[in-house]
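A.B. asks: Input target_2.cif, format and content: mmCIF, C-alpha atoms.
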data_final
#
loop_
_atom_site.group_PDB
_atom_site.id
_atom_site.type_symbol
_atom_site.label_atom_id
_atom_site.label_comp_id
_atom_site.auth_asym_id
_atom_site.auth_seq_id
_atom_site.Cartn_x
_atom_site.Cartn_y
_atom_site.Cartn_z
ATOM 1 C CA MET W 20 26.363 -8.174 5.020
ATOM 2 C CA ARG W 21 25.595 -7.666 8.718
ATOM 3 C CA HIS W 22 22.647 -5.282 8.415
ATOM 4 C CA PRO W 23 20.602 -6.004 5.272
ATOM 5 C CA LEU W 24 17.509 -4.133 6.481
ATOM 6 C CA ALA W 25 19.466 -0.971 7.315
ATOM 7 C CA THR W 26 21.271 -1.198 3.975
ATOM 8 C CA TYR W 27 17.962 -1.548 2.145
ATOM 9 C CA LEU W 28 16.477 1.485 3.923
ATOM 10 C CA VAL W 29 19.499 3.667 3.188
ATOM 11 C CA LEU W 30 19.449 2.667 -0.472
ATOM 12 C CA VAL W 31 15.713 3.088 -0.929
ATOM 13 C CA PHE W 32 15.678 6.571 0.622
ATOM 14 C CA VAL W 33 18.823 7.827 -1.108
ATOM 15 C CA ILE W 34 17.839 6.563 -4.573
ATOM 16 C CA ALA W 35 14.238 7.769 -4.409
ATOM 17 C CA TRP W 36 14.965 11.151 -2.835
ATOM 18 C CA LEU W 37 17.729 11.770 -5.365
ATOM 19 C CA PHE W 38 14.971 11.936 -7.977
ATOM 20 C CA TRP W 39 12.124 13.282 -5.823
ATOM 21 C CA VAL W 40 13.758 16.221 -4.055
ATOM 22 C CA PRO W 41 14.081 18.033 -7.420
ATOM 23 C CA LEU W 42 10.290 17.687 -7.722
ATOM 24 C CA VAL W 43 9.900 19.786 -4.579
ATOM 25 C CA LEU W 44 12.157 22.421 -6.124
ATOM 26 C CA LEU W 45 10.208 22.345 -9.389
ATOM 27 C CA TYR W 46 6.989 23.137 -7.550
ATOM 28 C CA ASP W 47 7.312 26.641 -6.085
ATOM 29 C CA GLY W 48 3.720 27.033 -4.942
ATOM 30 C CA GLY W 49 2.793 29.226 -7.868
ATOM 31 C CA SER W 50 2.994 26.672 -10.648
ATOM 32 C CA ASP W 51 -0.013 25.023 -12.215
ATOM 33 C CA LEU W 52 -0.221 21.727 -10.340
ATOM 34 C CA GLN W 53 -2.003 19.906 -13.156
ATOM 35 C CA SER W 54 0.607 20.873 -15.719
ATOM 36 C CA LEU W 55 3.315 19.883 -13.250
ATOM 37 C CA ARG W 56 1.839 16.399 -12.864
ATOM 38 C CA GLY W 57 1.630 15.999 -16.645
ATOM 39 C CA SER W 58 5.200 17.119 -17.283
ATOM 40 C CA GLN W 59 7.411 14.447 -18.864
ATOM 41 C CA LEU W 60 10.301 15.430 -16.584
ATOM 42 C CA VAL W 61 8.125 14.986 -13.498
ATOM 43 C CA ILE W 62 6.855 11.604 -14.708
ATOM 44 C CA VAL W 63 10.408 10.381 -15.350
ATOM 45 C CA LEU W 64 11.709 11.589 -11.969
ATOM 46 C CA GLN W 65 8.731 10.130 -10.130
ATOM 47 C CA THR W 66 9.031 6.750 -11.878
ATOM 48 C CA LEU W 67 12.768 6.457 -11.256
ATOM 49 C CA GLY W 68 12.175 7.117 -7.575
ATOM 50 C CA VAL W 69 9.320 4.631 -7.385
ATOM 51 C CA ALA W 70 11.645 1.926 -8.743
ATOM 52 C CA ALA W 71 13.944 2.291 -5.711
ATOM 53 C CA PRO W 72 12.251 -0.378 -3.506
ATOM 54 C CA LEU W 73 12.501 -3.069 -6.188
ATOM 55 C CA SER W 74 16.065 -2.257 -7.192
ATOM 56 C CA SER W 75 17.237 -1.897 -3.573
ATOM 57 C CA ALA W 76 15.651 -5.199 -2.540
ATOM 58 C CA ILE W 77 17.225 -7.013 -5.488
ATOM 59 C CA VAL W 78 20.675 -5.531 -4.768
ATOM 60 C CA VAL W 79 20.643 -6.337 -1.045
ATOM 61 C CA THR W 80 19.131 -9.789 -1.538
ATOM 62 C CA GLY W 81 21.638 -10.547 -4.291
ATOM 63 C CA LEU W 82 24.551 -9.555 -2.061
ATOM 64 C CA THR W 83 23.301 -11.544 0.941
ATOM 65 C CA ARG W 84 21.591 -14.577 -0.604
ATOM 66 C CA GLY W 85 22.670 -14.647 -4.225
ATOM 67 C CA LYS W 86 20.590 -15.406 -7.305
ATOM 68 C CA ARG W 87 18.558 -18.038 -5.469
ATOM 69 C CA GLY W 88 17.506 -15.434 -2.911
ATOM 70 C CA VAL W 89 16.458 -13.004 -5.634
ATOM 71 C CA ARG W 90 14.417 -15.719 -7.359
ATOM 72 C CA ARG W 91 12.751 -16.556 -4.059
ATOM 73 C CA LEU W 92 11.967 -12.867 -3.401
ATOM 74 C CA LEU W 93 10.400 -12.333 -6.815
ATOM 75 C CA GLY W 94 8.739 -15.755 -6.721
ATOM 76 C CA GLY W 95 6.074 -14.219 -4.486
ATOM 77 C CA LEU W 96 4.707 -12.500 -7.575
ATOM 78 C CA LYS W 97 3.770 -15.921 -8.970
ATOM 79 C CA ARG W 98 2.092 -17.161 -5.774
ATOM 80 C CA TRP W 99 -1.566 -17.032 -6.817
ATOM 81 C CA ARG W 100 -3.185 -19.977 -4.998
ATOM 82 C CA VAL W 101 -4.325 -18.129 -1.900
ATOM 83 C CA GLY W 102 -8.115 -18.377 -1.868
ATOM 84 C CA LEU W 103 -10.746 -16.115 -3.409
ATOM 85 C CA TRP W 104 -11.333 -14.262 -0.132
ATOM 86 C CA TRP W 105 -7.855 -12.719 -0.287
ATOM 87 C CA TYR W 106 -8.376 -11.606 -3.884
ATOM 88 C CA ALA W 107 -11.646 -9.963 -2.850
ATOM 89 C CA ALA W 108 -10.025 -8.326 0.180
ATOM 90 C CA ALA W 109 -7.088 -7.021 -1.858
ATOM 91 C CA CYS W 110 -9.147 -5.692 -4.755
ATOM 92 C CA LEU W 111 -12.304 -4.424 -3.074
ATOM 93 C CA LEU W 112 -11.895 -3.459 0.592
ATOM 94 C CA ILE W 113 -10.281 -0.033 0.092
ATOM 95 C CA PRO W 114 -12.410 0.987 -2.929
ATOM 96 C CA VAL W 115 -15.587 -0.047 -1.077
ATOM 97 C CA LEU W 116 -14.405 1.888 1.975
ATOM 98 C CA THR W 117 -13.814 4.915 -0.238
ATOM 99 C CA VAL W 118 -17.317 4.752 -1.713
ATOM 100 C CA LEU W 119 -18.690 4.257 1.809
ATOM 101 C CA GLY W 120 -16.957 7.504 2.732
ATOM 102 C CA ILE W 121 -19.136 9.305 0.185
ATOM 103 C CA GLY W 122 -22.217 7.927 1.944
ATOM 104 C CA VAL W 123 -20.885 8.999 5.344
ATOM 105 C CA ARG W 124 -20.227 12.514 4.045
ATOM 106 C CA ARG W 125 -23.777 12.687 2.696
ATOM 107 C CA THR W 126 -25.184 11.426 6.018
ATOM 108 C CA LEU W 127 -23.185 14.037 7.943
ATOM 109 C CA GLY W 128 -24.502 16.755 5.660
ATOM 110 C CA VAL W 129 -21.177 17.500 4.013
ATOM 111 C CA ALA W 130 -21.917 19.215 0.709
ATOM 112 C CA PRO W 131 -21.116 18.153 -1.857
ATOM 113 C CA ALA W 132 -20.744 14.524 -0.747
ATOM 114 C CA VAL W 133 -18.541 13.879 -3.780
ATOM 115 C CA PRO W 134 -15.672 16.373 -3.341
ATOM 116 C CA GLU W 135 -16.092 19.201 -5.837
ATOM 117 C CA GLY W 136 -13.435 19.306 -8.545
ATOM 118 C CA SER W 137 -12.216 15.804 -7.661
ATOM 119 C CA ALA W 138 -11.356 13.034 -10.112
ATOM 120 C CA LEU W 139 -14.408 11.115 -8.893
ATOM 121 C CA ALA W 140 -16.729 14.046 -9.608
ATOM 122 C CA ALA W 141 -15.355 14.325 -13.147
ATOM 123 C CA MET W 142 -15.652 10.587 -13.751
ATOM 124 C CA LEU W 143 -19.226 10.428 -12.445
ATOM 125 C CA ALA W 144 -20.187 13.321 -14.700
ATOM 126 C CA ASP W 145 -18.662 11.451 -17.630
ATOM 127 C CA ILE W 146 -19.668 7.790 -17.177
ATOM 128 C CA GLY W 147 -21.729 7.626 -13.960
ATOM 129 C CA TRP W 148 -21.590 5.016 -11.196
ATOM 130 C CA ILE W 149 -22.418 2.127 -13.545
ATOM 131 C CA GLY W 150 -19.586 3.081 -15.881
ATOM 132 C CA LEU W 151 -17.262 3.395 -12.881
ATOM 133 C CA VAL W 152 -18.101 -0.127 -11.727
ATOM 134 C CA LEU W 153 -17.718 -1.573 -15.224
ATOM 135 C CA THR W 154 -14.315 0.052 -15.783
ATOM 136 C CA PHE W 155 -12.989 -0.815 -12.314
ATOM 137 C CA PRO W 156 -11.357 -4.156 -13.301
ATOM 138 C CA LEU W 157 -9.481 -2.487 -16.167
ATOM 139 C CA GLN W 158 -8.357 0.371 -13.914
ATOM 140 C CA LEU W 159 -7.126 -2.162 -11.355
ATOM 141 C CA VAL W 160 -5.069 -4.115 -13.898
ATOM 142 C CA VAL W 161 -3.552 -0.943 -15.361
ATOM 143 C CA GLN W 162 -2.609 0.291 -11.877
ATOM 144 C CA CYS W 163 -0.665 -2.921 -11.174
ATOM 145 C CA PHE W 164 1.971 -2.085 -13.799
ATOM 146 C CA GLY W 165 3.396 0.907 -11.980
ATOM 147 C CA SER W 166 4.024 1.707 -8.334
ATOM 148 C CA PRO W 167 2.552 -1.585 -6.985
ATOM 149 C CA LEU W 168 4.872 -3.784 -9.025
ATOM 150 C CA LEU W 169 7.895 -1.569 -8.335
ATOM 151 C CA GLU W 170 7.276 -1.053 -4.614
ATOM 152 C CA GLU W 171 5.747 -4.192 -3.104
ATOM 153 C CA PRO W 172 8.745 -6.554 -3.605
ATOM 154 C CA GLY W 173 10.775 -4.078 -1.559
ATOM 155 C CA TRP W 174 8.421 -2.973 1.200
ATOM 156 C CA ARG W 175 6.289 -6.059 1.815
ATOM 157 C CA GLY W 176 8.507 -8.705 0.189
ATOM 158 C CA PHE W 177 11.838 -7.638 1.725
ATOM 159 C CA ALA W 178 11.463 -5.076 4.533
ATOM 160 C CA LEU W 179 8.407 -6.527 6.301
ATOM 161 C CA PRO W 180 9.835 -10.040 6.887
ATOM 162 C CA HIS W 181 13.040 -8.506 8.281
ATOM 163 C CA VAL W 182 11.174 -6.184 10.659
ATOM 164 C CA ARG W 183 8.893 -9.033 11.708
ATOM 165 C CA LYS W 184 11.916 -10.924 13.050
ATOM 166 C CA ARG W 185 12.256 -8.212 15.703
ATOM 167 C CA ILE W 186 8.696 -7.278 16.684
ATOM 168 C CA PRO W 187 5.166 -8.799 16.450
ATOM 169 C CA ALA W 188 3.668 -8.927 12.975
ATOM 170 C CA ALA W 189 0.994 -6.267 13.535
ATOM 171 C CA TRP W 190 3.501 -3.699 14.774
ATOM 172 C CA ALA W 191 5.918 -4.703 12.011
ATOM 173 C CA ALA W 192 3.258 -4.056 9.349
ATOM 174 C CA LEU W 193 2.429 -0.708 10.974
ATOM 175 C CA LEU W 194 6.085 0.326 11.258
ATOM 176 C CA VAL W 195 6.855 -0.560 7.644
ATOM 177 C CA GLY W 196 3.741 1.389 6.645
ATOM 178 C CA ALA W 197 4.992 4.443 8.568
ATOM 179 C CA ILE W 198 8.453 4.217 6.980
ATOM 180 C CA TRP W 199 6.784 3.791 3.598
ATOM 181 C CA GLY W 200 4.898 7.021 4.260
ATOM 182 C CA LEU W 201 8.016 8.952 5.328
ATOM 183 C CA TRP W 202 9.756 7.709 2.197
ATOM 184 C CA GLN W 203 7.099 9.475 0.101
ATOM 185 C CA VAL W 204 7.267 12.848 1.889
ATOM 186 C CA PRO W 205 9.011 14.590 -1.050
ATOM 187 C CA LEU W 206 6.135 13.515 -3.322
ATOM 188 C CA PHE W 207 3.552 14.832 -0.853
ATOM 189 C CA LEU W 208 5.393 18.159 -0.685
ATOM 190 C CA ALA W 209 5.919 18.375 -4.441
ATOM 191 C CA LEU W 210 2.260 17.716 -5.196
ATOM 192 C CA ASP W 211 1.056 20.010 -2.393
ATOM 193 C CA GLU W 212 -0.846 17.279 -0.534
ATOM 194 C CA ASN W 213 -1.952 17.514 3.093
ATOM 195 C CA LEU W 214 1.030 15.962 4.881
ATOM 196 C CA THR W 215 -0.835 14.882 8.027
ATOM 197 C CA ILE W 216 -3.682 13.199 6.169
ATOM 198 C CA SER W 217 -1.344 11.607 3.615
ATOM 199 C CA LEU W 218 1.005 10.162 6.256
ATOM 200 C CA GLY W 219 -1.881 8.911 8.383
ATOM 201 C CA LEU W 220 -3.619 7.208 5.482
ATOM 202 C CA ILE W 221 -0.514 5.657 3.963
ATOM 203 C CA THR W 222 0.620 4.256 7.321
ATOM 204 C CA MET W 223 -2.729 2.522 7.774
ATOM 205 C CA HIS W 224 -2.743 1.405 4.152
ATOM 206 C CA GLY W 225 0.726 -0.053 4.723
ATOM 207 C CA PHE W 226 -0.699 -1.996 7.666
ATOM 208 C CA PHE W 227 -3.486 -3.256 5.404
ATOM 209 C CA LEU W 228 -1.008 -4.405 2.741
ATOM 210 C CA GLY W 229 1.145 -6.043 5.414
ATOM 211 C CA TRP W 230 -1.901 -7.932 6.666
ATOM 212 C CA LEU W 231 -2.572 -9.200 3.146
ATOM 213 C CA TYR W 232 1.024 -10.283 2.615
ATOM 214 C CA LEU W 233 1.581 -11.959 5.974
ATOM 215 C CA ASN W 234 -1.547 -14.070 5.530
ATOM 216 C CA THR W 235 -0.772 -15.154 1.969
ATOM 217 C CA SER W 236 3.011 -14.787 1.438
ATOM 218 C CA SER W 237 1.894 -13.582 -1.988
ATOM 219 C CA LEU W 238 3.393 -10.488 -3.565
ATOM 220 C CA LEU W 239 0.682 -10.799 -6.228
ATOM 221 C CA ILE W 240 -1.970 -10.151 -3.569
ATOM 222 C CA ALA W 241 0.072 -7.254 -2.171
ATOM 223 C CA VAL W 242 0.386 -5.780 -5.671
ATOM 224 C CA LEU W 243 -3.376 -6.067 -6.214
ATOM 225 C CA GLY W 244 -4.019 -4.450 -2.836
ATOM 226 C CA HIS W 245 -1.640 -1.623 -3.719
ATOM 227 C CA ALA W 246 -3.309 -1.249 -7.119
ATOM 228 C CA SER W 247 -6.696 -0.911 -5.413
ATOM 229 C CA LEU W 248 -5.205 1.968 -3.402
ATOM 230 C CA GLY W 249 -4.144 3.537 -6.687
ATOM 231 C CA VAL W 250 -7.691 3.302 -8.060
ATOM 232 C CA ALA W 251 -9.092 4.711 -4.804
ATOM 233 C CA ASN W 252 -6.614 7.597 -4.843
ATOM 234 C CA ASN W 253 -6.739 8.455 -8.529
ATOM 235 C CA SER W 254 -10.319 7.638 -9.539
ATOM 236 C CA LEU W 255 -12.336 7.582 -6.310
ATOM 237 C CA SER W 256 -10.631 10.636 -4.783
ATOM 238 C CA LEU W 257 -9.899 8.959 -1.453
ATOM 239 C CA PRO W 258 -7.554 11.705 -0.114
ATOM 240 C CA ASP W 259 -10.171 14.405 -0.808
ATOM 241 C CA GLN W 260 -12.428 12.867 1.856
ATOM 242 C CA GLY W 261 -10.011 13.974 4.574
ATOM 243 C CA VAL W 262 -10.930 13.093 8.165
ATOM 244 C CA VAL W 263 -13.882 10.908 7.104
ATOM 245 C CA GLN W 264 -11.589 8.521 5.268
ATOM 246 C CA ILE W 265 -9.024 8.518 8.082
ATOM 247 C CA VAL W 266 -11.725 7.420 10.541
ATOM 248 C CA LEU W 267 -13.038 4.720 8.187
ATOM 249 C CA THR W 268 -9.537 3.385 7.442
ATOM 250 C CA LEU W 269 -8.713 3.374 11.163
ATOM 251 C CA ALA W 270 -11.921 1.411 11.761
ATOM 252 C CA LEU W 271 -10.798 -1.149 9.152
ATOM 253 C CA CYS W 272 -7.415 -1.530 10.876
ATOM 254 C CA MET W 273 -9.073 -1.938 14.278
ATOM 255 C CA LEU W 274 -11.409 -4.553 12.809
ATOM 256 C CA ILE W 275 -8.400 -6.466 11.492
ATOM 257 C CA LEU W 276 -6.777 -6.346 14.941
ATOM 258 C CA ALA W 277 -10.010 -7.555 16.527
ATOM 259 C CA PHE W 278 -10.154 -10.711 14.403
ATOM 260 C CA PHE W 279 -6.456 -11.349 13.722
ATOM 261 C CA ARG W 280 -3.678 -11.946 16.247
ATOM 262 C CA ILE W 281 -1.136 -9.188 16.914
ATOM 263 C CA SER W 282 1.705 -11.711 17.013
ATOM 264 C CA ASP W 283 1.345 -12.976 13.429
ATOM 265 C CA LEU W 284 -1.797 -11.279 11.985
ATOM 266 C CA ARG W 285 -3.356 -14.697 11.473
ATOM 267 C CA PRO W 286 -7.064 -15.309 12.296
ATOM 268 C CA ARG W 287 -7.856 -15.515 16.017
ATOM 269 C CA LEU W 288 -10.716 -17.954 15.314
ATOM 270 C CA GLY W 289 -8.341 -20.537 13.886
ATOM 271 C CA SER W 290 -6.197 -20.326 17.001
ATOM 272 C CA THR W 291 -9.204 -20.774 19.300
ATOM 273 C CA SER W 292 -10.527 -23.733 17.305
ATOM 274 C CA SER W 293 -7.088 -25.369 17.341
ATOM 275 C CA LYS W 294 -6.783 -25.024 21.113
ATOM 276 C CA ALA W 295 -10.288 -26.427 21.566
ATOM 277 C CA ARG W 296 -9.427 -29.472 19.448
ATOM 278 C CA GLN W 297 -6.286 -30.008 21.492
ATOM 279 C CA ARG W 298 -8.287 -29.965 24.734
ATOM 280 C CA VAL W 299 -10.815 -32.439 23.340
ATOM 281 C CA SER W 300 -8.129 -34.793 22.074
ATOM 282 C CA GLY W 301 -6.310 -34.506 25.414
#
For this file, produce the structure as structure tokens.

C.D. replies:
Amino acid sequence: MRHPLATYLVLVFVIAWLFWVPLVLLYDGGSDLQSLRGSQLVIVLQTLGVAAPLSSAIVVTGLTRGKRGVRRLLGGLKRWRVGLWWYAAACLLIPVLTVLGIGVRRTLGVAPAVPEGSALAAMLADIGWIGLVLTFPLQLVVQCFGSPLLEEPGWRGFALPHVRKRIPAAWAALLVGAIWGLWQVPLFLALDENLTISLGLITMHGFFLGWLYLNTSSLLIAVLGHASLGVANNSLSLPDQGVVQIVLTLALCMLILAFFRISDLRPRLGSTSSKARQRVSG
């Protein structure tokens, strides 16, 4: 196969949109959005589409590299020896940033600071901040067994390494994040989400997940990072913060670029220390 990346992208869009475009047709703007999200048909269509990255990556890898290639691709899910810092970054950075957004909204005088009618507002009314913190690990684990596990082997495990062969790692992570966002456009339309905010956030979140993966080569870390996005979206109401969260997420990405090299997204400090040692030894 001469163009595995192009083949993967065609497959992942065609398979997912085959199931997701009907969701757009189901939602006519007058339907009850909550009942739509709880519909068994919608859940089945959404899940089948979400499985496209995993199935497409397995098919293309199997055709180009055989069973050994597929085992190597999925082997990243078992790569767990990466250092505690990367577990903390994957699990906590986005949720902490989301909670920080609440503080920023309060400081700016946005009322209410916790978006009214949001999932976070309902959860705080039910179990409070302490209950939210205590249930966070369980929410994170539950989130893993869904979109993260079905998407990350395809986007970060397959697509990102192929794109990185052509352009520097930072731009590769950003580009894959943007394509990942475009891939989900039917879902944004079906669920009546703000397209600009959703695409902006998911592109930056894709960059964040790419940064995690390129530094660890661990799909497990990427899955945990993706699961933390799920908790932030579903429980902490990240999208409801709008521009505040876009600015905070952009700041996180800029911070990553400030301390990690564009070429490979590895720490700049390590590179400087290595060059200094070489000069001393010379």

A.B. asks: If the PyMOL selection byres ((chain W and resi 56-67) around 12) were run on this exact file, what residues would it hold? Put them as a ChimeraX atom specification.

C.D. replies: /W:31,33-46,50-55,68-74,164-170,203,205-207,209-211

A.B. asks: Pull out every residue that the PyMOL selection byres ((chain W and resi 236) around 12) matches in the shown coordinates and put them as a VMD selection string.

C.D. replies: chain W and resid 91 to 101 105 171 to 172 175 to 177 179 to 180 228 to 235 237 to 242 285

A.B. asks: Please report, as a tab-separated table, each residue of stretch 169-253 of chain W lying at most 12 Å from stretch 123-144 of chain W, together with the nearest pair of atoms and the separation in Å rounded to one decimal; use only C-alpha atoms, and order rows by chain and ascending residue number.

C.D. replies:
residue	atom	partner	partner_atom	distance
W:Val250	CA	W:Leu139	CA	10.3
W:Ala251	CA	W:Leu139	CA	9.3
W:Asn252	CA	W:Ala138	CA	8.9
W:Asn253	CA	W:Ala138	CA	6.7

A.B. asks: Create the file for the chosen residues now, containing C-alpha atoms and written as a PDB file, keeping the file's coordinate frame.

C.D. replies:
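File written: again-v9.pdb
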ATOM      1  CA  VAL W 250      -7.691   3.302  -8.060  1.00  0.00           C
ATOM      2  CA  ALA W 251      -9.092   4.711  -4.804  1.00  0.00           C
ATOM      3  CA  ASN W 252      -6.614   7.597  -4.843  1.00  0.00           C
ATOM      4  CA  ASN W 253      -6.739   8.455  -8.529  1.00  0.00           C
TER       5      ASN W 253
END

A.B. asks: How many Å lie between atom CA of W:Met20 and atom CA of W:Gly200, rounded to one decimal?

C.D. replies: 26.3 Å

A.B. asks: Determine, counting only C-alpha atoms, which protein, DNA and RNA residues have an atom within 7 Å of an atom of W:Leu193; residues of the same chain fewer than 3 positions away are not included. Present the result as a list in words.

C.D. replies: Ala189, Trp190, Gly196, Ala197, Thr222, Met223, Gly225 and Phe226 of chain W

A.B. asks: Show me, as a list in words, the residues that have an atom within 7 Å of W:Gly120 when counting all atoms listed in the file, minus same-chain residues fewer than 4 positions from it.

C.D. replies: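 Here the qualifying residues turn out to be Leu116, Arg124, Val263 and Gln264 of chain W.
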
A.B. asks: Take the point (-11.1, -4.6, -10.1) as written in the file and pick out every residue within 10 Å of it, counting all atoms listed in the file; give the list as JSON, numbers by chain.

C.D. replies: {"W": [106, 107, 109, 110, 111, 114, 152, 153, 154, 155, 156, 157, 158, 159, 160, 161, 162, 243, 246, 247, 250]}

A.B. asks: Report the distance between atom CA of W:His22 and atom CA of W:Leu218 in Å, rounded to one decimal place.

C.D. replies: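 Straight-line distance from atom CA of W:His22 to atom CA of W:Leu218 works out to 26.7 Å.
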
A.B. asks: Using all atoms listed in the file, which of the listed residues (W:Ile77, W:Ala108, W:Leu119, W:Val89) sits closest to W:Leu255?

C.D. replies: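 Nearest candidate to W:Leu255 out of W:Ile77, W:Ala108, W:Leu119, W:Val89: W:Leu119.
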
A.B. asks: Counting all atoms listed in the file, figure out which residue out of W:Pro187, W:Gly173, W:Gly147, W:Gly219 gets nearest to W:Leu24.

C.D. replies: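 Selected residue with least distance to W:Leu24: W:Gly173.
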
A.B. asks: Grab all the atoms of stretch 101-113 of chain W that the file lists, wrap them in a box along x, y and z, add 4 Å per side, and give me centre plus edge lengths in Å (one decimal) as lines of an AutoDock Vina configuration file.

C.D. replies:
center_x = -8.3
center_y = -9.2
center_z = -2.1
size_x = 16.0
size_y = 26.3
size_z = 13.3

A.B. asks: Would you mind reading off the distance between atom CA of W:Leu151 and atom CA of W:Trp199, one decimal, in Å?

C.D. replies: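 Those two atoms sit 29.2 Å apart.
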
A.B. asks: Using all atoms listed in the file, find the one residue out of W:Leu267, W:Met273, W:Val262, W:Ile198 that sits nearest to W:Asn213.

C.D. replies: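 Between W:Leu267, W:Met273, W:Val262, W:Ile198, the residue approaching W:Asn213 most closely is W:Val262.
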
A.B. asks: Just save stretch 179-204 of chain W with C-alpha atoms, as a short mmCIF file (atom, residue, chain, number, x, y, z; two decimals), in the first residue's frame.

C.D. replies:
data_model
loop_
_atom_site.label_atom_id
_atom_site.label_comp_id
_atom_site.auth_asym_id
_atom_site.auth_seq_id
_atom_site.Cartn_x
_atom_site.Cartn_y
_atom_site.Cartn_z
CA LEU W 179 0.40 11.00 14.34
CA PRO W 180 3.59 8.98 13.66
CA HIS W 181 2.84 9.04 9.92
CA VAL W 182 2.26 12.81 9.86
CA ARG W 183 5.37 13.35 11.98
CA LYS W 184 7.49 11.82 9.22
CA ARG W 185 6.60 14.82 7.06
CA ILE W 186 6.55 17.81 9.42
CA PRO W 187 7.93 18.74 12.89
CA ALA W 188 6.28 17.00 15.82
CA ALA W 189 4.50 20.07 17.22
CA TRP W 190 2.84 20.89 13.91
CA ALA W 191 2.06 17.20 13.37
CA ALA W 192 0.26 17.02 16.73
CA LEU W 193 -1.65 20.21 15.90
CA LEU W 194 -2.59 19.02 12.41
CA VAL W 195 -3.82 15.64 13.64
CA GLY W 196 -5.81 17.49 16.31
CA ALA W 197 -7.43 19.68 13.64
CA ILE W 198 -8.30 16.66 11.48
CA TRP W 199 -9.65 14.93 14.58
CA GLY W 200 -11.90 17.94 15.13
CA LEU W 201 -13.15 18.01 11.52
CA TRP W 202 -13.88 14.30 11.79
CA GLN W 203 -16.33 15.05 14.62
CA VAL W 204 -18.23 17.86 12.86
#
